[in-house]
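So the structure is just underneath, and the comments pick up after that.
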Amino acid sequence: MMHKLKITIIASILNLVFLTYSNAYTAPSFRHPLITTLNNSDPVFIQYQQDVEENRMLLARYRQGLLGSEPDGLKKLAQGLTVYRYIIKNGEDLFTIASRCTIPYETIATLNRFEHPSLLQPGKELLLPSLPALFVPLKTETDLEKLIFNAYKDKNAFLLRIYPEEKPLDLYCLPDQGFSGTERAFFLNAAFRYPLPEVRITSSFGLRKNPVTGTVKVHEGLDLAAPVGTPVYPCRDGVVSKVGYDEVYGNYIIITHEGGWTSVYGHLGSIQTSLQSYVRSSTVIGTVGMTGQTTGPHLHFELRQEGKARDPSPLLPGKGKN
């Protein structure tokens, strides 16, 4: 439960956005200051850099206990925190942006609620905070948010309101915190690729009527239409942990990946790998077929985390064609 997090400052910080614009939060169309380019030709970026430097010095004093009591220290950090927005450009990724801003990539990722780096898309708005920290929304939704909360629920935090796409969102700010090894591995290893050269999704993840049996149940993966014989690739490097035949999945392969992930490939026409083989994302492991319970040639593809089926769509780059 989120109320177990050690919140030292609540009411006085909840509506705080940043110093210069602290009276603007009540405006229904509030927007954070816009950085147009991440270099010194933009005066807003220069101001942002100054804010980052001032907050780093403030953090150093906070670590040394020079900001007064813990509540006073957190309040001063909250008052120093500023938030800007930036429109992602072609060729930019989370790590290049974090480097230009001299802010940890996990700070930017958690403020913007990214579960893995590939979710950054050109043309989308990105919020840039000036204080190294981790952020967790009051209601955790993603697995990464839940992981961070469970790891840091005994740490001190303050509440912050931001305005992504002009909509208010309240989060807990955990100042001077970063990803642990587990969180870093989870975040960096969460991205996958589609297992086919060309993608056409014919059935998505979720509740559906089975086209063969007519029963309504959760479809735990994606159906990707392709001609018989189309090569199938691993969605990421891993080890082949199971191969076999199932009356529903037909010929299938299961691959184990780092971070507790497994991927499943069903209805294969042929299997071109073997048990315990290490495969890369460029390795052909099989071909599309019509084995098992199917009405036409396609690949049934699943992603599982710690044995639990996950919707692959948000974890894959771009969007398949429907």
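Letters for chains follow the order of the structure tokens (A, B, ...), residue numbers begin at 1 for each chain, and ligand numbers begin at 1 in the order shown.
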Q) Tell me, which residues of region 139-230 of chain A carry DSSP strand (DSSP E), written as number ranges by chain? A) A: 156-162, 169-175, 201-203, 206-209, 216-219, 222-225
Q: Pick out the residues sitting within 8 Å of Ile88 (chain A), and hand them over as a list in words; count only C-alpha atoms, and ignore anything fewer than 3 positions along from it in its own chain.
A: Glu92, Leu120, Gln121, Pro122, Gly123, Lys124, Glu125 and Leu126 of chain A
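Inside region 125-289 of chain A, the residues DSSP reads as helix (DSSP H, G or I) when given the backbone are Asp143, Leu144, Glu145, Lys146, Leu147, Ile148, Phe149, Asn150, Ala151, Tyr152, Pro164, Glu165, Glu166, Gly181, Thr182, Glu183, Arg184, Ala185, Phe186, Phe187, Leu188, Glu258, Gly259 and Gly260 of chain A.
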Under the rule of at most 12 Å, produce a per-residue listing of region 116-190 of chain A near region 61-74 of chain A: chain, number, name, the closest pair of atoms, and the distance in Å, as JSON lines, using only C-alpha atoms.
{"residue": "A:Leu131", "atom": "CA", "partner": "A:Leu74", "partner_atom": "CA", "distance": 11.9}
{"residue": "A:Lys155", "atom": "CA", "partner": "A:Glu70", "partner_atom": "CA", "distance": 11.5}
{"residue": "A:Asn156", "atom": "CA", "partner": "A:Leu74", "partner_atom": "CA", "distance": 8.2}
{"residue": "A:Ala157", "atom": "CA", "partner": "A:Leu74", "partner_atom": "CA", "distance": 7.5}
{"residue": "A:Phe158", "atom": "CA", "partner": "A:Leu74", "partner_atom": "CA", "distance": 6.9}
{"residue": "A:Leu159", "atom": "CA", "partner": "A:Leu74", "partner_atom": "CA", "distance": 10.1}
{"residue": "A:Leu160", "atom": "CA", "partner": "A:Leu74", "partner_atom": "CA", "distance": 11.7}
{"residue": "A:Tyr172", "atom": "CA", "partner": "A:Leu74", "partner_atom": "CA", "distance": 12.0}
{"residue": "A:Cys173", "atom": "CA", "partner": "A:Leu74", "partner_atom": "CA", "distance": 9.8}
{"residue": "A:Leu174", "atom": "CA", "partner": "A:Leu74", "partner_atom": "CA", "distance": 9.6}
{"residue": "A:Pro175", "atom": "CA", "partner": "A:Leu74", "partner_atom": "CA", "distance": 8.2}
{"residue": "A:Asp176", "atom": "CA", "partner": "A:Arg63", "partner_atom": "CA", "distance": 8.8}
{"residue": "A:Gln177", "atom": "CA", "partner": "A:Arg63", "partner_atom": "CA", "distance": 11.7}
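Here CA of Tyr86 (chain A) and CA of Pro117 (chain A) stand 16.4 Å from one another.
A straight line drawn from CA of Tyr152 (chain A) to CA of Lys75 (chain A) is 18.9 Å long.
Remark: for Tyr278 (chain A), the closest of the candidate residues A:Ala133, A:Val264, A:Ile255, A:Met290 is A:Ile255 (distances computed over only C-alpha atoms).
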Q | Surrounding residues of Ala151 (chain A) excluding itself and chain neighbours under 4 positions, 10 Å, only C-alpha atoms, as a PyMOL selection string | A | chain A and resi 145-147+155+179-180+183
Q. So which one's closest to Ser274 (chain A), A:Asn55, A:Phe30, A:Thr36, A:Tyr252? Using only C-alpha atoms, please.
A. A:Tyr252
